[in-house]
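To start, the structure itself, in structure tokens.
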Amino acid sequence: MSVGKKPGPAGGDKVQEFSIEELRAKFGSGLEIQSDENMLLSMGPQHPSTHGVLRLLLELDGETVVNLVPDIGFLHTGIEKNMEAKTYTKALVMTDRIDYLAPMSNNLGYILAVEKLLGVKITPRAEAIRLILAELTRIGSHLVWLGTSALDVAAQSVFLYCFREREYILDLYEMCSGQRMMSSYFRPGGLWRDVPEEFVPAVRNFLDFFPSRIEEYEALLKENPIFHGRTKGVGVISAENAVSWGLTGPSLRGSGVNWDIRKSIPYLGYENYEFDVPLGTNGDIYDRYSCRMREMRESLGIIEQALDRLPEGPVNIDDRKIVPPPRAELGRSMEAVIHHFKLWTEGFSAPEGYVFQRVESPKGEFACYLRGDGSPKPARVHFRTPSYVNLASLPVLARGLFVADLVAIIGSIDIVLGEIDR
Amino acid sequence: MSSGNSSAELLYEKVNNAFPEAVLEVVDFRDERTLVIKQEFLKEICLFLRDDEELKCDFLEDIVADDLLPNFPRFAVNYHIYSIPHNHQIRLRVPVEDPDDGPETVGSIWQIGTWLEMEVWDLMGVTFKGNDKLRRLFLPEDWQGHPLRKDYPLGYEEVQFSFNWEAIGAKKPFAKD
């Protein structure tokens, strides 16, 4: 069999044959084709199990994946370039769109970088609310992962259960920011505004009912022999390899590497909270699954601690050069009008220098590199996104396995294409 | 906190002792230490950071390129390197005079290096010696230029998807007006 065959016109028996060189030119140069006996298959970009517009070019020997190369960029929107043309505050809205399943984590990474560059310390109440929302985001993102990755291994009902609970988290977003997904709730120096009164009882309610829901999901999967067959011992990566390939988050911890940014480089006062970092041992799909499931429980614990000690007080720092004045002051204070006008037209200036701020997003290490040049606009913004880096190890995980396993592996490393392409 | 000065000091001293001529400048900003190093020493220093028992920087977090137009050297490539066992972090900053003659690849030291360098080349146009996998990753294969450079305009230019103008013109003659 030759490398690629293209059927001729309908009903015709002419088959057009391509040489390897022609195919390479056609498909891009990424794939190192091992043998002309193998078949090339383009999986995606419109494919339900690639979680977005990811195209994988597979080299197959029968049903076995010999080699593959990810082809990305279908969702590239130039976020980093666009942010250079906006002020620090206005650039914030673009960060929601990076990983649209975990908007608050992206906001957090960017805003903490801006605050680090400015040298600002936020109030304890804002810190606690940010932490609660970041952990809710983790649960929400894990729910989408659980639903879709279970769908990939043909466990269809989990999906609906997960989206039911995610809806509650989106309602919580809406309650505090007015938006279900693109929240932009964290602002330089604090929050957009304080959370409404009903927020805390609503989160408490979530803490009450959610543990039993996790048990429901586990009842569907944990003892399920089909699920075990599809996930145990599949897509294994050793600890050493995982570190070298830059895996982070649950994908790294599934291989037993104990590295969580919340523990090792704490931000938002995570060092004051008690929680465990769930670890796997085998580094297969099942361990990554079980890490995320346990992480959801740990997140609940963190949220509970944060609610118990939620401090009263302002949510914004008292620096009018960074935080705009409250609306009520505009009617009676000339300074407030000036500050308001300056902030929404010119913005605040950040000093010259560069910072790198990491946060533990649901998918792994989300980091923001920010360079200021003394002007109100960032000179360079760069995001180190976990999905982009985790995707690089896909060929290592999938080589030698079946195409069906590849689908399960893509689900297990939890990628979001908005975050890969930016 | 890992960004405490003791670990940064240790890293700096070890690197400076091993490569006395490599470090051009030490920048401390917001509890982060940056070693500005000469381009030709990059690979050796990375290897040293990874293999030294006290440092064990086994994790390459990110590679970011900066365009410093109109300064010279115009480009700077930042390597964010981290040690999981020791919780050390350091940033190596390499000024690059000629983007076509960029630093050596670190893909042989950390596997992820190749992949991160592909992004830098695609969007900023800095090449990496020894990385033969540099290709268009985010942008179409026939894209001209590198959009994150400062002299690359943001909008208001002709769109680049013009390969099928003939087909468009045949079906929609008004499209060009």
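If you're wondering about the labels, chains in the structure tokens are A, B, ... by order shown, residues count from 1 in each chain, ligands from 1 in order shown.
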Using only C-alpha atoms, what table do you get, as a tab-separated table, when you list each residue of chain B with an atom no more than 9 Å from chain A, its nearest pair of atoms, and their distance in Å rounded to one decimal, rows by chain then rising number?
residue	atom	partner	partner_atom	distance
B:Met1	CA	A:Ile265	CA	6.1
B:Ser2	CA	A:Ile265	CA	6.2
B:Ser3	CA	A:Ile265	CA	8.0
B:Phe29	CA	A:Gly353	CA	7.1
B:Arg30	CA	A:Lys116	CA	6.9
B:Glu32	CA	A:Val355	CA	7.3
B:Asp58	CA	A:Ser244	CA	6.8
B:Phe59	CA	A:Val243	CA	6.0
B:Leu60	CA	A:Gly246	CA	6.6
B:Glu61	CA	A:Gly246	CA	6.7
B:Asp62	CA	A:Arg384	CA	6.3
B:Ile63	CA	A:Arg384	CA	8.6
B:Val64	CA	A:His382	CA	7.0
B:Ala65	CA	A:His382	CA	8.9
B:Asp66	CA	A:Arg380	CA	6.9
B:Asp67	CA	A:Arg380	CA	8.1
B:Leu68	CA	A:Ala379	CA	8.9
B:His80	CA	A:Phe356	CA	8.5
B:Ile84	CA	A:Trp259	CA	6.8
B:Pro85	CA	A:Trp259	CA	8.9
B:Asn87	CA	A:Ser264	CA	6.8
B:Ile109	CA	A:Ser244	CA	8.3
B:Trp110	CA	A:Ser244	CA	5.1
B:Gln111	CA	A:Trp245	CA	5.1
B:Ile112	CA	A:Trp245	CA	4.6
B:Gly113	CA	A:Trp245	CA	8.3
B:Trp115	CA	A:Ala392	CA	6.6
B:Leu116	CA	A:Val389	CA	7.7
B:Lys133	CA	A:Gly30	CA	7.1
B:Leu134	CA	A:Gly30	CA	8.9
B:Arg135	CA	A:Ser29	CA	7.4
B:Arg136	CA	A:Gly28	CA	8.7
B:Leu137	CA	A:Ile72	CA	6.3
B:Phe138	CA	A:Gly73	CA	3.8
B:Leu139	CA	A:Gly73	CA	6.1
B:Pro140	CA	A:Gly73	CA	8.0
B:Glu141	CA	A:Gly28	CA	7.4
B:Pro147	CA	A:Lys81	CA	7.4
B:Leu148	CA	A:Lys81	CA	5.8
B:Arg149	CA	A:Lys81	CA	8.8
B:Leu154	CA	A:Asn82	CA	7.4
What does the file look like for those residues with C-alpha atoms, as a PDB file, in the first residue's frame?
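This is the output file again-v2.pdb:
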ATOM      1  CA  MET B   1       9.086  31.367  50.042  1.00  0.00           C
ATOM      2  CA  SER B   2      11.385  30.071  47.397  1.00  0.00           C
ATOM      3  CA  SER B   3      12.164  33.479  46.000  1.00  0.00           C
ATOM      4  CA  PHE B  29      13.355  43.026  40.667  1.00  0.00           C
ATOM      5  CA  ARG B  30      10.342  42.150  42.832  1.00  0.00           C
ATOM      6  CA  GLU B  32      13.043  37.690  41.190  1.00  0.00           C
ATOM      7  CA  ASP B  58      15.107  19.767  36.210  1.00  0.00           C
ATOM      8  CA  PHE B  59      12.209  21.820  34.956  1.00  0.00           C
ATOM      9  CA  LEU B  60      12.153  24.320  32.122  1.00  0.00           C
ATOM     10  CA  GLU B  61       9.036  26.364  32.657  1.00  0.00           C
ATOM     11  CA  ASP B  62       8.999  28.750  29.797  1.00  0.00           C
ATOM     12  CA  ILE B  63      10.942  30.476  27.067  1.00  0.00           C
ATOM     13  CA  VAL B  64       9.862  34.022  26.303  1.00  0.00           C
ATOM     14  CA  ALA B  65      11.347  36.376  23.764  1.00  0.00           C
ATOM     15  CA  ASP B  66      11.294  40.132  24.162  1.00  0.00           C
ATOM     16  CA  ASP B  67      11.538  42.631  21.342  1.00  0.00           C
ATOM     17  CA  LEU B  68      13.359  45.664  22.714  1.00  0.00           C
ATOM     18  CA  HIS B  80      12.518  30.421  33.274  1.00  0.00           C
ATOM     19  CA  ILE B  84      11.373  20.811  41.727  1.00  0.00           C
ATOM     20  CA  PRO B  85      13.516  18.998  44.342  1.00  0.00           C
ATOM     21  CA  ASN B  87      12.447  24.775  44.928  1.00  0.00           C
ATOM     22  CA  ILE B 109      18.597  19.269  28.005  1.00  0.00           C
ATOM     23  CA  TRP B 110      14.868  19.494  28.644  1.00  0.00           C
ATOM     24  CA  GLN B 111      12.608  17.673  26.200  1.00  0.00           C
ATOM     25  CA  ILE B 112      10.065  20.480  26.239  1.00  0.00           C
ATOM     26  CA  GLY B 113      12.680  22.975  24.992  1.00  0.00           C
ATOM     27  CA  TRP B 115       8.357  22.764  21.599  1.00  0.00           C
ATOM     28  CA  LEU B 116       8.743  26.070  23.434  1.00  0.00           C
ATOM     29  CA  LYS B 133      11.844  21.454  14.045  1.00  0.00           C
ATOM     30  CA  LEU B 134      11.197  25.175  13.780  1.00  0.00           C
ATOM     31  CA  ARG B 135       8.083  25.575  11.697  1.00  0.00           C
ATOM     32  CA  ARG B 136       4.888  27.602  11.602  1.00  0.00           C
ATOM     33  CA  LEU B 137       2.952  26.412  14.609  1.00  0.00           C
ATOM     34  CA  PHE B 138       0.159  28.912  15.216  1.00  0.00           C
ATOM     35  CA  LEU B 139       0.217  30.680  11.885  1.00  0.00           C
ATOM     36  CA  PRO B 140      -0.429  29.312   8.410  1.00  0.00           C
ATOM     37  CA  GLU B 141       2.591  27.836   6.665  1.00  0.00           C
ATOM     38  CA  PRO B 147       3.620  39.152  14.548  1.00  0.00           C
ATOM     39  CA  LEU B 148       4.946  39.729  18.048  1.00  0.00           C
ATOM     40  CA  ARG B 149       7.750  41.945  16.791  1.00  0.00           C
ATOM     41  CA  LEU B 154      -1.566  45.475  14.706  1.00  0.00           C
TER      42      LEU B 154
END
Atom pair CA of Leu268 in chain A / CA of Arg130 in chain A: separation (Å):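 The value is 7.8 Å.
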Alpha helix (DSSP H) call set, DSSP backbone run, chain B, as JSON, numbers by chain: {"B": [5, 6, 7, 8, 9, 10, 11, 12, 13, 14, 15, 16, 17, 18, 42, 43, 44, 45, 46, 47, 48, 49, 50, 51, 113, 114, 115, 116, 117, 118, 119, 120, 121, 122, 123, 124, 165, 166, 167, 168, 169, 170, 171]}
Can you pull out every residue within 8 Å of Pro103 in chain B, counting only C-alpha atoms, but drop anything in the same chain fewer than 2 positions away, and send it as a PDB file with C-alpha atoms, in the first residue's frame?
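Generated output (result_16.pdb):
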ATOM      1  CA  GLN B  39      24.567  33.863  24.253  1.00  0.00           C
ATOM      2  CA  GLU B  40      27.433  31.444  23.670  1.00  0.00           C
ATOM      3  CA  LEU B  42      23.670  29.475  27.414  1.00  0.00           C
ATOM      4  CA  VAL B  94      20.088  36.144  26.796  1.00  0.00           C
ATOM      5  CA  VAL B  96      20.279  38.248  20.983  1.00  0.00           C
ATOM      6  CA  ASP B 101      21.825  33.561  14.594  1.00  0.00           C
ATOM      7  CA  THR B 105      18.646  24.931  21.463  1.00  0.00           C
ATOM      8  CA  THR B 127      15.965  31.024  15.635  1.00  0.00           C
ATOM      9  CA  PHE B 128      17.615  28.408  17.790  1.00  0.00           C
ATOM     10  CA  LYS B 129      20.764  26.709  16.617  1.00  0.00           C
TER      11      LYS B 129
END
